[in-house]
>>> print(open('structure_4.txt').read())   # compact mmCIF, C-alpha atoms and all ligand atoms
# COMPACT_ATOMS: atom_id res chain seq x y z
CA MET A 1 -17.52 17.88 16.59
CA THR A 2 -13.97 17.65 15.27
CA ALA A 3 -13.04 14.40 13.56
CA LYS A 4 -10.58 11.94 15.03
CA ARG A 5 -7.13 12.07 13.42
CA ILE A 6 -6.23 8.49 12.54
CA ASP A 7 -2.58 8.08 13.50
CA GLY A 8 -1.15 5.79 10.82
CA LYS A 9 2.39 6.39 12.02
CA ALA A 10 1.64 5.13 15.53
CA LYS A 11 -0.30 2.15 14.22
CA ALA A 12 2.53 1.28 11.84
CA GLU A 13 5.06 1.44 14.69
CA GLN A 14 2.91 -0.89 16.78
CA LEU A 15 2.60 -3.31 13.91
CA ALA A 16 6.34 -3.17 13.20
CA THR A 17 7.06 -4.09 16.82
CA SER A 18 4.80 -7.12 16.52
CA ILE A 19 6.44 -8.13 13.20
CA THR A 20 9.90 -7.82 14.78
CA GLN A 21 8.86 -10.08 17.66
CA GLN A 22 7.30 -12.65 15.31
CA THR A 23 10.46 -12.57 13.17
CA ALA A 24 12.68 -13.27 16.17
CA ALA A 25 10.43 -16.17 17.18
CA LEU A 26 10.50 -17.61 13.65
CA LEU A 27 14.29 -17.55 13.65
CA GLU A 28 14.58 -19.06 17.11
CA GLU A 29 11.97 -21.78 16.70
CA HIS A 30 12.43 -22.69 13.02
CA GLY A 31 15.76 -21.18 11.93
CA ILE A 32 14.05 -19.07 9.25
CA LYS A 33 14.89 -15.45 8.62
CA PRO A 34 12.49 -13.60 6.30
CA GLY A 35 14.36 -12.29 3.25
CA LEU A 36 13.28 -9.29 1.17
CA ALA A 37 14.89 -8.41 -2.17
CA VAL A 38 14.21 -5.01 -3.69
CA VAL A 39 15.17 -4.32 -7.28
CA ILE A 40 15.60 -0.71 -8.32
CA ILE A 41 16.28 0.40 -11.86
CA GLY A 42 17.61 3.87 -12.66
CA GLU A 43 18.12 6.96 -10.55
CA ASP A 44 14.59 8.31 -9.91
CA PRO A 45 15.07 10.24 -6.63
CA ALA A 46 11.62 9.43 -5.18
CA SER A 47 12.12 5.70 -5.90
CA GLN A 48 15.58 5.84 -4.30
CA VAL A 49 14.02 7.23 -1.12
CA TYR A 50 11.23 4.62 -1.08
CA VAL A 51 13.70 1.76 -1.62
CA ARG A 52 16.09 3.03 1.05
CA ASN A 53 13.19 3.22 3.53
CA LYS A 54 12.05 -0.28 2.67
CA GLY A 55 15.58 -1.64 3.23
CA ARG A 56 15.92 0.16 6.55
CA ARG A 57 12.55 -1.04 7.76
CA ALA A 58 13.34 -4.63 6.71
CA GLU A 59 16.60 -4.55 8.67
CA ALA A 60 14.86 -3.03 11.69
CA CYS A 61 12.39 -5.94 11.64
CA GLY A 62 15.32 -8.40 11.67
CA PHE A 63 14.97 -9.47 8.03
CA HIS A 64 17.66 -10.44 5.57
CA SER A 65 17.47 -7.42 3.26
CA VAL A 66 19.03 -7.13 -0.20
CA GLN A 67 18.96 -4.38 -2.75
CA HIS A 68 19.79 -4.83 -6.43
CA SER A 69 20.45 -1.55 -8.24
CA LEU A 70 20.40 -1.82 -12.02
CA PRO A 71 21.34 0.93 -14.51
CA ASP A 72 18.73 3.00 -16.35
CA ASP A 73 19.50 1.28 -19.67
CA VAL A 74 19.44 -2.31 -18.41
CA ALA A 75 18.03 -4.83 -20.88
CA GLN A 76 14.67 -6.52 -20.22
CA GLN A 77 16.36 -9.95 -20.33
CA GLU A 78 18.78 -8.95 -17.62
CA VAL A 79 15.96 -7.88 -15.30
CA LEU A 80 14.07 -11.11 -15.99
CA ALA A 81 17.24 -13.14 -15.31
CA LEU A 82 17.69 -11.41 -11.93
CA VAL A 83 14.05 -12.02 -10.96
CA ASP A 84 14.44 -15.67 -11.97
CA LYS A 85 17.52 -16.00 -9.78
CA LEU A 86 15.67 -14.46 -6.83
CA ASN A 87 12.65 -16.71 -7.47
CA HIS A 88 14.97 -19.69 -6.90
CA ASP A 89 16.88 -18.23 -3.94
CA ASP A 90 15.73 -19.96 -0.73
CA ALA A 91 16.94 -17.06 1.43
CA ILE A 92 14.52 -14.70 -0.32
CA HIS A 93 10.81 -14.77 0.55
CA GLY A 94 9.70 -11.47 -0.91
CA ILE A 95 10.69 -9.81 -4.18
CA LEU A 96 9.66 -6.40 -5.36
CA VAL A 97 10.64 -4.39 -8.37
CA GLN A 98 10.26 -0.69 -7.61
CA LEU A 99 7.93 1.07 -10.05
CA PRO A 100 7.84 3.07 -12.25
CA LEU A 101 10.32 1.47 -14.64
CA PRO A 102 12.25 3.23 -17.42
CA GLY A 103 10.14 3.45 -20.59
CA HIS A 104 11.97 0.74 -22.59
CA LEU A 105 11.09 -1.98 -20.06
CA ASP A 106 7.84 -3.96 -20.14
CA GLU A 107 6.42 -3.43 -16.66
CA GLN A 108 3.77 -6.10 -16.96
CA SER A 109 6.04 -8.95 -18.03
CA ILE A 110 8.53 -8.07 -15.28
CA THR A 111 5.85 -7.87 -12.57
CA GLN A 112 4.32 -11.13 -13.73
CA SER A 113 7.72 -12.90 -13.76
CA ILE A 114 7.92 -12.71 -9.96
CA SER A 115 6.81 -15.98 -8.41
CA PRO A 116 3.27 -15.53 -6.95
CA GLN A 117 4.64 -17.09 -3.72
CA LYS A 118 7.19 -14.26 -3.39
CA ASP A 119 5.02 -11.47 -4.80
CA VAL A 120 4.80 -9.45 -1.58
CA ASP A 121 3.48 -6.40 -3.49
CA GLY A 122 0.44 -8.47 -4.53
CA PHE A 123 0.64 -7.43 -8.20
CA HIS A 124 0.81 -10.92 -9.76
CA PHE A 125 -2.39 -11.97 -11.56
CA VAL A 126 -2.59 -15.09 -9.34
CA ASN A 127 -2.73 -12.92 -6.23
CA ILE A 128 -5.13 -10.44 -7.86
CA GLY A 129 -7.38 -13.36 -8.82
CA LYS A 130 -7.33 -14.85 -5.33
CA LEU A 131 -8.16 -11.48 -3.76
CA THR A 132 -11.00 -10.89 -6.21
CA ALA A 133 -12.38 -14.36 -5.50
CA GLY A 134 -12.17 -13.71 -1.75
CA HIS A 135 -9.40 -16.29 -1.17
CA THR A 136 -7.17 -14.08 0.94
CA ASP A 137 -5.90 -16.91 3.17
CA ASP A 138 -2.88 -17.55 0.98
CA ALA A 139 -2.93 -14.48 -1.26
CA PHE A 140 -0.69 -11.45 -0.96
CA VAL A 141 -2.82 -8.34 -0.76
CA PRO A 142 -1.28 -5.11 -2.13
CA CYS A 143 0.29 -3.21 0.75
CA THR A 144 -1.51 0.14 0.51
CA PRO A 145 -5.10 -1.18 0.51
CA ALA A 146 -4.16 -3.80 3.12
CA GLY A 147 -2.94 -1.01 5.42
CA CYS A 148 -6.05 1.09 4.72
CA MET A 149 -8.23 -1.87 5.63
CA LEU A 150 -6.55 -2.26 9.03
CA MET A 151 -7.23 1.40 9.81
CA ILE A 152 -10.87 1.09 8.70
CA GLU A 153 -11.28 -1.99 10.91
CA ASP A 154 -9.93 -0.04 13.88
CA GLU A 155 -12.68 2.53 13.41
CA LEU A 156 -15.62 0.37 12.33
CA GLY A 157 -14.83 -3.27 13.13
CA SER A 158 -14.26 -6.08 10.64
CA ASP A 159 -17.90 -6.47 9.53
CA LEU A 160 -18.94 -3.50 7.41
CA SER A 161 -22.45 -4.84 6.70
CA GLY A 162 -24.89 -2.07 5.86
CA LEU A 163 -22.19 0.55 5.32
CA ASN A 164 -21.62 2.36 2.03
CA ALA A 165 -18.01 2.66 0.90
CA VAL A 166 -16.95 4.89 -1.99
CA VAL A 167 -13.52 4.34 -3.54
CA ILE A 168 -12.23 7.26 -5.63
CA GLY A 169 -9.69 6.03 -8.21
CA ARG A 170 -9.59 2.69 -10.03
CA SER A 171 -5.88 1.87 -10.19
CA ASN A 172 -4.70 -1.74 -9.99
CA ILE A 173 -2.41 -0.85 -7.08
CA VAL A 174 -4.93 0.88 -4.84
CA GLY A 175 -8.52 1.43 -6.01
CA LYS A 176 -9.43 -2.01 -7.37
CA PRO A 177 -7.88 -4.14 -4.57
CA MET A 178 -9.35 -1.72 -2.00
CA ALA A 179 -12.82 -2.32 -3.43
CA ALA A 180 -12.28 -6.11 -3.28
CA LEU A 181 -11.26 -5.93 0.39
CA LEU A 182 -14.25 -3.76 1.33
CA LEU A 183 -16.60 -6.10 -0.50
CA GLN A 184 -15.10 -9.06 1.38
CA ARG A 185 -15.98 -7.23 4.63
CA ASN A 186 -19.62 -6.88 3.43
CA ALA A 187 -19.54 -3.16 2.63
CA THR A 188 -21.68 -1.89 -0.23
CA VAL A 189 -18.98 -0.63 -2.56
CA THR A 190 -19.08 2.04 -5.25
CA MET A 191 -16.03 2.53 -7.48
CA THR A 192 -15.60 6.01 -8.87
CA HIS A 193 -13.03 7.52 -11.25
CA SER A 194 -12.31 10.36 -13.65
CA ARG A 195 -15.42 9.57 -15.74
CA THR A 196 -17.85 9.47 -12.80
CA LYS A 197 -20.75 11.94 -12.99
CA ASP A 198 -21.48 14.05 -9.92
CA LEU A 199 -18.63 12.64 -7.81
CA PRO A 200 -19.49 14.87 -4.80
CA GLY A 201 -23.07 13.55 -4.88
CA VAL A 202 -21.86 9.93 -4.92
CA VAL A 203 -19.35 10.53 -2.11
CA ARG A 204 -22.07 12.17 0.01
CA ASN A 205 -23.67 8.69 0.45
CA ALA A 206 -20.49 7.18 1.83
CA ASP A 207 -19.90 6.04 5.39
CA ILE A 208 -16.35 5.19 4.27
CA VAL A 209 -14.40 7.21 1.68
CA ILE A 210 -11.08 6.09 0.20
CA ALA A 211 -9.43 8.74 -1.94
CA ALA A 212 -6.67 7.45 -4.27
CA VAL A 213 -6.48 9.95 -7.10
CA GLY A 214 -3.37 12.14 -6.99
CA ARG A 215 -5.15 15.55 -6.96
CA PRO A 216 -4.28 17.79 -4.02
CA ASP A 217 -7.14 18.67 -1.63
CA MET A 218 -9.84 17.53 -4.08
CA VAL A 219 -12.31 16.12 -1.52
CA LYS A 220 -14.09 18.94 0.35
CA ALA A 221 -16.30 19.12 3.42
CA ASP A 222 -19.53 19.49 1.42
CA TRP A 223 -18.82 16.08 -0.22
CA ILE A 224 -18.80 14.35 3.15
CA LYS A 225 -21.61 12.64 5.06
CA PRO A 226 -21.37 13.69 8.73
CA GLY A 227 -19.40 11.11 10.71
CA ALA A 228 -17.83 9.36 7.69
CA VAL A 229 -14.45 7.62 7.98
CA ILE A 230 -12.04 9.05 5.41
CA ILE A 231 -8.85 7.34 4.25
CA ASP A 232 -6.61 9.62 2.21
CA VAL A 233 -4.18 7.66 0.04
CA GLY A 234 -3.04 10.59 -2.13
CA ILE A 235 0.51 11.89 -1.92
CA ASN A 236 0.93 15.20 -3.74
CA ARG A 237 3.82 17.63 -3.66
CA VAL A 238 2.59 21.22 -3.68
CA ASP A 239 4.31 24.58 -3.27
CA ARG A 240 2.82 26.59 -0.40
CA GLN A 241 3.68 29.85 1.33
CA VAL A 242 4.96 29.05 4.81
CA ASP A 243 6.01 32.10 6.89
CA GLY A 244 6.42 34.17 3.74
CA GLU A 245 8.57 31.51 2.06
CA MET A 246 7.62 29.08 -0.73
CA LYS A 247 8.07 25.52 0.47
CA THR A 248 7.24 22.16 -1.05
CA LYS A 249 4.78 20.32 1.15
CA LEU A 250 3.13 16.92 1.00
CA THR A 251 -0.64 16.94 0.86
CA GLY A 252 -3.32 14.35 0.28
CA ASP A 253 -6.35 14.15 -2.01
CA VAL A 254 -8.58 15.26 0.86
CA ASP A 255 -8.74 18.84 2.13
CA TYR A 256 -8.00 17.79 5.71
CA ASP A 257 -8.63 21.16 7.37
CA ASP A 258 -11.95 21.51 5.54
CA VAL A 259 -13.38 18.01 6.22
CA ILE A 260 -12.26 17.83 9.84
CA GLU A 261 -15.47 19.46 11.16
CA THR A 262 -17.76 17.08 9.23
CA ALA A 263 -16.04 13.69 9.15
CA GLY A 264 -15.91 11.16 11.98
CA ALA A 265 -12.28 10.17 11.45
CA VAL A 266 -9.63 11.13 8.86
CA THR A 267 -6.10 9.99 8.03
CA PRO A 268 -3.59 12.85 7.71
CA VAL A 269 -0.95 13.22 4.96
CA PRO A 270 1.80 12.69 5.88
CA GLY A 271 1.44 10.29 8.81
CA GLY A 272 -1.55 8.24 7.67
CA VAL A 273 -1.55 5.66 4.89
CA GLY A 274 2.15 6.04 3.93
CA PRO A 275 3.73 4.50 7.06
CA MET A 276 1.16 1.69 7.01
CA THR A 277 2.04 0.78 3.41
CA ILE A 278 5.70 0.09 4.13
CA THR A 279 4.85 -1.89 7.27
CA MET A 280 2.41 -4.07 5.35
CA LEU A 281 5.27 -4.94 2.99
CA MET A 282 7.12 -6.33 6.02
CA PHE A 283 3.99 -8.15 7.13
CA ASN A 284 3.62 -9.79 3.71
CA THR A 285 7.30 -10.82 3.71
CA LEU A 286 7.04 -12.40 7.17
CA ARG A 287 3.91 -14.19 6.02
CA SER A 288 5.67 -15.44 2.91
CA ALA A 289 8.57 -16.79 4.99
CA ARG A 290 6.13 -18.71 7.20
CA LEU A 291 4.15 -20.08 4.25
CA SER A 292 7.33 -21.13 2.40
CA ALA A 293 8.29 -23.30 5.36
CA GLY A 294 4.86 -24.94 5.40
CA LEU A 295 4.05 -23.31 8.70
CA GLU A 296 0.54 -22.30 9.47
CA ASP A 297 -0.06 -18.68 8.65
CA GLN A 298 -0.03 -17.41 12.19
CA ALA A 299 1.48 -14.06 11.38
CA THR A 300 -0.95 -11.49 12.61
CA ALA A 301 -1.26 -7.83 11.71
P1 LIG A 401 -3.27 6.31 -10.64
O1 LIG A 401 -2.78 7.54 -11.32
O2 LIG A 401 -2.86 4.97 -11.14
O3 LIG A 401 -4.86 6.34 -10.59
C1 LIG A 401 -5.56 7.51 -10.29
C2 LIG A 401 -7.04 7.26 -10.40
O4 LIG A 401 -7.72 8.47 -10.10
C3 LIG A 401 -7.51 6.82 -11.78
O5 LIG A 401 -8.28 5.65 -11.64
C4 LIG A 401 -8.37 7.96 -12.28
O6 LIG A 401 -9.54 7.52 -12.98
C5 LIG A 401 -8.80 8.63 -11.00
N1 LIG A 401 -9.03 10.07 -11.21
C6 LIG A 401 -8.23 10.96 -11.85
N2 LIG A 401 -8.82 12.19 -11.84
C7 LIG A 401 -9.99 12.04 -11.19
C8 LIG A 401 -11.05 12.92 -10.87
N3 LIG A 401 -11.01 14.20 -11.21
N4 LIG A 401 -12.11 12.45 -10.20
C9 LIG A 401 -12.16 11.15 -9.84
N5 LIG A 401 -11.20 10.27 -10.11
C10 LIG A 401 -10.13 10.70 -10.79
O7 LIG A 401 -2.86 6.52 -9.13
P2 LIG A 401 -2.56 5.50 -7.89
O8 LIG A 401 -1.34 4.75 -8.16
O9 LIG A 401 -3.80 4.76 -7.48
O10 LIG A 401 -2.25 6.59 -6.77
C11 LIG A 401 -3.20 7.55 -6.37
C12 LIG A 401 -2.58 8.49 -5.38
O11 LIG A 401 -2.20 7.74 -4.23
C13 LIG A 401 -1.29 9.18 -5.84
O12 LIG A 401 -1.23 10.46 -5.24
C14 LIG A 401 -0.19 8.31 -5.28
O13 LIG A 401 1.01 9.03 -5.07
C15 LIG A 401 -0.81 7.88 -3.99
N6 LIG A 401 -0.31 6.60 -3.45
C16 LIG A 401 0.03 6.58 -2.15
C17 LIG A 401 0.46 5.41 -1.57
C18 LIG A 401 0.81 5.41 -0.12
O14 LIG A 401 1.48 4.52 0.34
N7 LIG A 401 0.33 6.38 0.64
C19 LIG A 401 0.55 4.25 -2.33
C20 LIG A 401 0.16 4.27 -3.67
C21 LIG A 401 -0.29 5.47 -4.22
>>> encode(input="structure_4.txt", output="structure tokens", more="lines below")
Ligand code: NAD
Amino acid sequence: MTAKRIDGKAKAEQLATSITQQTAALLEEHGIKPGLAVVIIGEDPASQVYVRNKGRRAEACGFHSVQHSLPDDVAQQEVLALVDKLNHDDAIHGILVQLPLPGHLDEQSITQSISPQKDVDGFHFVNIGKLTAGHTDDAFVPCTPAGCMLMIEDELGSDLSGLNAVVIGRSNIVGKPMAALLLQRNATVTMTHSRTKDLPGVVRNADIVIAAVGRPDMVKADWIKPGAVIIDVGINRVDRQVDGEMKTKLTGDVDYDDVIETAGAVTPVPGGVGPMTITMLMFNTLRSARLSAGLEDQATA
């Protein structure tokens, strides 16, 4: 049987509609407009695209959206001063500094200077600690794993008791928080990475596979347990022949066409995890706006 294609784009659209409605209600009932500030440093073209999309999505949700563009050679102190200003700005509920940063800047001290209450990327150690301890009620969960979790819940429900989940990749942005979320839902979680022995053998035990590596088409059909749910986080640019012409295409870490006959459900690339990630950023910002006003966290994904 052919696997279900998990439509992340459609799910993200649905979620964005709900966020837009909740934003309008927050403004009407409490006079609060969620504010998102994005800081971009330098001219990296991929980052420029990501930041532009975040700004557009924020505006479409009805948010107050600001972008701060700083030059490539900006001093560390200047970035910290801007973050400090935004930390104290009541119109701003979410702050993110687009990564990667130019080499002369200290990424960790900049990320950690964002107030945990406005850290809508979920990279602050306070939010990482809360997630790891299972206190997600007032923590910001990193957007990519949060979006992956919603798609997994759609397929398997919110209680993953008895299911084996294998996470491939141990980054702080995806792999580690993903494992924490799966554990919180009672899955039996195995973390794998570049030093794992017999990765295909480990993945073959998985009812749920999350691939977050950055290697095009690495996960093949003979790695997959029949019926498994596969979430492909990878975004890789590869050159492929299309109609006799070389074109750059986006592809994931999972060989989609290969696994489709074995898996139960798979996210495509593009159109899977990517659109969910940006929408979860909006969700976190709305949530932050509600929490900052002392309102109960009724924002729902
Ligand atoms: P990263 O480079 O920080 O981490 C990659 C991980 O893969 C490492 O833990 C490494 O140990 C592991 N790895 C490397 N080679 C391996 C191998 N041969 N076998 C097993 N594990 C191996 O990457 P990241 O930031 O977690 O991103 C991973 C991928 O996901 C990238 O393609 C990135 O572009 C993509 N990504 C997508 C989104 C999205 O919104 N869709 C968000 C974040 C990252």
>>> closest_residue(input="structure_4.txt", among="A:Val229, A:Leu163, A:Val38, A:Met149", to="Asn53 of chain A", atoms="all atoms listed in the file")
A:Val38
>>> closest_residue(input="structure_4.txt", among="A:Gly272, A:Gly62, A:Gly294, A:Gly264", to="ligand LIG 401 (chain A)", atoms="all atoms listed in the file")
A:Gly272
>>> residues_around(input="structure_4.txt", residues="segment 201-204 of chain A", least_positions_apart="6", cutoff="7 Å", atoms="all atoms listed in the file", output="PyMOL selection string")
chain A and resi 166+223-225
>>> closest_atom_pairs(input="structure_4.txt", of="chain A", to="ligand LIG 401 (chain A)", cutoff="6 Å", atoms="only C-alpha atoms and all ligand atoms", output="CSV")
residue,atom,partner,partner_atom,distance
A:Thr144,CA,A:LIG401,O14,5.3
A:Ile168,CA,A:LIG401,N5,5.5
A:Gly169,CA,A:LIG401,C2,3.7
A:Arg170,CA,A:LIG401,O5,3.6
A:Ser171,CA,A:LIG401,O2,4.4
A:Ile173,CA,A:LIG401,O9,5.8
A:Val174,CA,A:LIG401,O9,4.8
A:Gly175,CA,A:LIG401,O9,6.0
A:His193,CA,A:LIG401,N5,3.5
A:Ser194,CA,A:LIG401,C10,3.6
A:Ala212,CA,A:LIG401,C11,4.1
A:Val213,CA,A:LIG401,O4,3.6
A:Gly214,CA,A:LIG401,O12,3.2
A:Val233,CA,A:LIG401,O11,4.7
A:Gly234,CA,A:LIG401,O12,3.6
A:Ile235,CA,A:LIG401,O12,4.0
A:Asn236,CA,A:LIG401,O12,5.4
A:Val273,CA,A:LIG401,N7,4.7
A:Gly274,CA,A:LIG401,N7,3.8
A:Thr277,CA,A:LIG401,O14,4.9
>>> residues_around(input="structure_4.txt", residues="Ala180 of chain A", least_positions_apart="5", cutoff="8 Å", atoms="all atoms listed in the file", output="JSON list (two decimals) with C-alpha atoms, in the coordinates of the input")
[["chain", "number", "residue", "atom", "x", "y", "z"],
["A", 131, "LEU", "CA", -8.16, -11.48, -3.76],
["A", 132, "THR", "CA", -11.00, -10.89, -6.21],
["A", 134, "GLY", "CA", -12.17, -13.71, -1.75]]
>>> closest_residue(input="structure_4.txt", among="A:His104, A:His124, A:Arg56, A:Lys33", to="Ser292 of chain A", atoms="only C-alpha atoms")
A:Lys33
>>> closest_atom_pairs(input="structure_4.txt", of="segment 104-215 of chain A", to="segment 69-93 of chain A", cutoff="7 Å", atoms="all atoms listed in the file", output="CSV")
residue,atom,partner,partner_atom,distance
A:Leu105,CA,A:Gln76,CA,5.8
A:Ile110,CA,A:Leu80,CA,6.4
A:Ser113,CA,A:Leu80,CA,7.0
A:Ile114,CA,A:Val83,CA,6.2
A:Ser115,CA,A:Asn87,CA,6.0
A:Lys118,CA,A:His93,CA,5.4
>>> write_last_selection(input="structure_4.txt", atoms="C-alpha atoms", output="mmCIF file, in the coordinates of the input")
data_model
loop_
_atom_site.group_PDB
_atom_site.id
_atom_site.type_symbol
_atom_site.label_atom_id
_atom_site.label_comp_id
_atom_site.auth_asym_id
_atom_site.auth_seq_id
_atom_site.Cartn_x
_atom_site.Cartn_y
_atom_site.Cartn_z
ATOM 1 C CA LEU A 105 11.090 -1.980 -20.060
ATOM 2 C CA ILE A 110 8.530 -8.070 -15.280
ATOM 3 C CA SER A 113 7.720 -12.900 -13.760
ATOM 4 C CA ILE A 114 7.920 -12.710 -9.960
ATOM 5 C CA SER A 115 6.810 -15.980 -8.410
ATOM 6 C CA LYS A 118 7.190 -14.260 -3.390
#
>>> atom_distance(input="structure_4.txt", atom1="atom CA of Ser65 of chain A", atom2="atom CA of Pro34 of chain A")
8.5 Å
>>> axis_aligned_box(input="structure_4.txt", around="segment 230-249 of chain A", padding_each_side="4 Å", output="lines of an AutoDock Vina configuration file")
center_x = -1.7
center_y = 20.8
center_z = 1.6
size_x = 28.6
size_y = 34.8
size_z = 18.6
>>> closest_residue(input="structure_4.txt", among="A:Ile6, A:Leu183, A:Leu15, A:Leu286", to="Ile152 of chain A", atoms="all atoms listed in the file")
A:Ile6
>>> atom_distance(input="structure_4.txt", atom1="atom CA of Ser18 of chain A", atom2="atom CA of Met282 of chain A")
10.8 Å
>>> atom_distance(input="structure_4.txt", atom1="atom CA of Ala139 of chain A", atom2="atom CA of Gln21 of chain A")
22.7 Å
>>> closest_residue(input="structure_4.txt", among="A:Thr262, A:Gly162, A:Pro200, A:Arg290", to="Thr188 of chain A", atoms="only C-alpha atoms")
A:Gly162
>>> build_atoms(input="structure_4.txt", residues="segment 245-260 of chain A", atoms="N, CA and C atoms", output="short mmCIF file (atom, residue, chain, number, x, y, z; two decimals), in the coordinates of the input")
data_model
loop_
_atom_site.label_atom_id
_atom_site.label_comp_id
_atom_site.auth_asym_id
_atom_site.auth_seq_id
_atom_site.Cartn_x
_atom_site.Cartn_y
_atom_site.Cartn_z
N GLU A 245 7.61 32.22 2.92
CA GLU A 245 8.57 31.51 2.06
C GLU A 245 7.85 30.40 1.30
N MET A 246 8.22 30.19 0.03
CA MET A 246 7.62 29.08 -0.73
C MET A 246 8.31 27.79 -0.32
N LYS A 247 7.49 26.81 0.09
CA LYS A 247 8.07 25.52 0.47
C LYS A 247 7.28 24.40 -0.20
N THR A 248 7.95 23.30 -0.50
CA THR A 248 7.24 22.16 -1.05
C THR A 248 6.71 21.33 0.11
N LYS A 249 5.40 21.08 0.06
CA LYS A 249 4.78 20.32 1.15
C LYS A 249 4.07 19.10 0.58
N LEU A 250 3.91 18.08 1.41
CA LEU A 250 3.13 16.92 1.00
C LEU A 250 1.69 17.15 1.39
N THR A 251 0.77 16.85 0.49
CA THR A 251 -0.64 16.94 0.86
C THR A 251 -1.40 15.79 0.21
N GLY A 252 -2.53 15.48 0.78
CA GLY A 252 -3.32 14.35 0.28
C GLY A 252 -4.33 14.77 -0.78
N ASP A 253 -5.25 13.86 -1.08
CA ASP A 253 -6.35 14.15 -2.01
C ASP A 253 -7.53 14.77 -1.28
N VAL A 254 -7.47 14.76 0.04
CA VAL A 254 -8.58 15.26 0.86
C VAL A 254 -8.14 16.58 1.50
N ASP A 255 -9.03 17.56 1.47
CA ASP A 255 -8.74 18.84 2.13
C ASP A 255 -8.97 18.63 3.63
N TYR A 256 -7.91 18.23 4.30
CA TYR A 256 -8.00 17.79 5.71
C TYR A 256 -8.63 18.86 6.60
N ASP A 257 -8.14 20.10 6.49
CA ASP A 257 -8.63 21.16 7.37
C ASP A 257 -10.11 21.47 7.12
N ASP A 258 -10.55 21.24 5.89
CA ASP A 258 -11.95 21.51 5.54
C ASP A 258 -12.88 20.40 6.06
N VAL A 259 -12.47 19.13 5.88
CA VAL A 259 -13.38 18.01 6.22
C VAL A 259 -13.42 17.71 7.72
N ILE A 260 -12.45 18.23 8.44
CA ILE A 260 -12.26 17.83 9.84
C ILE A 260 -13.48 18.12 10.72
#
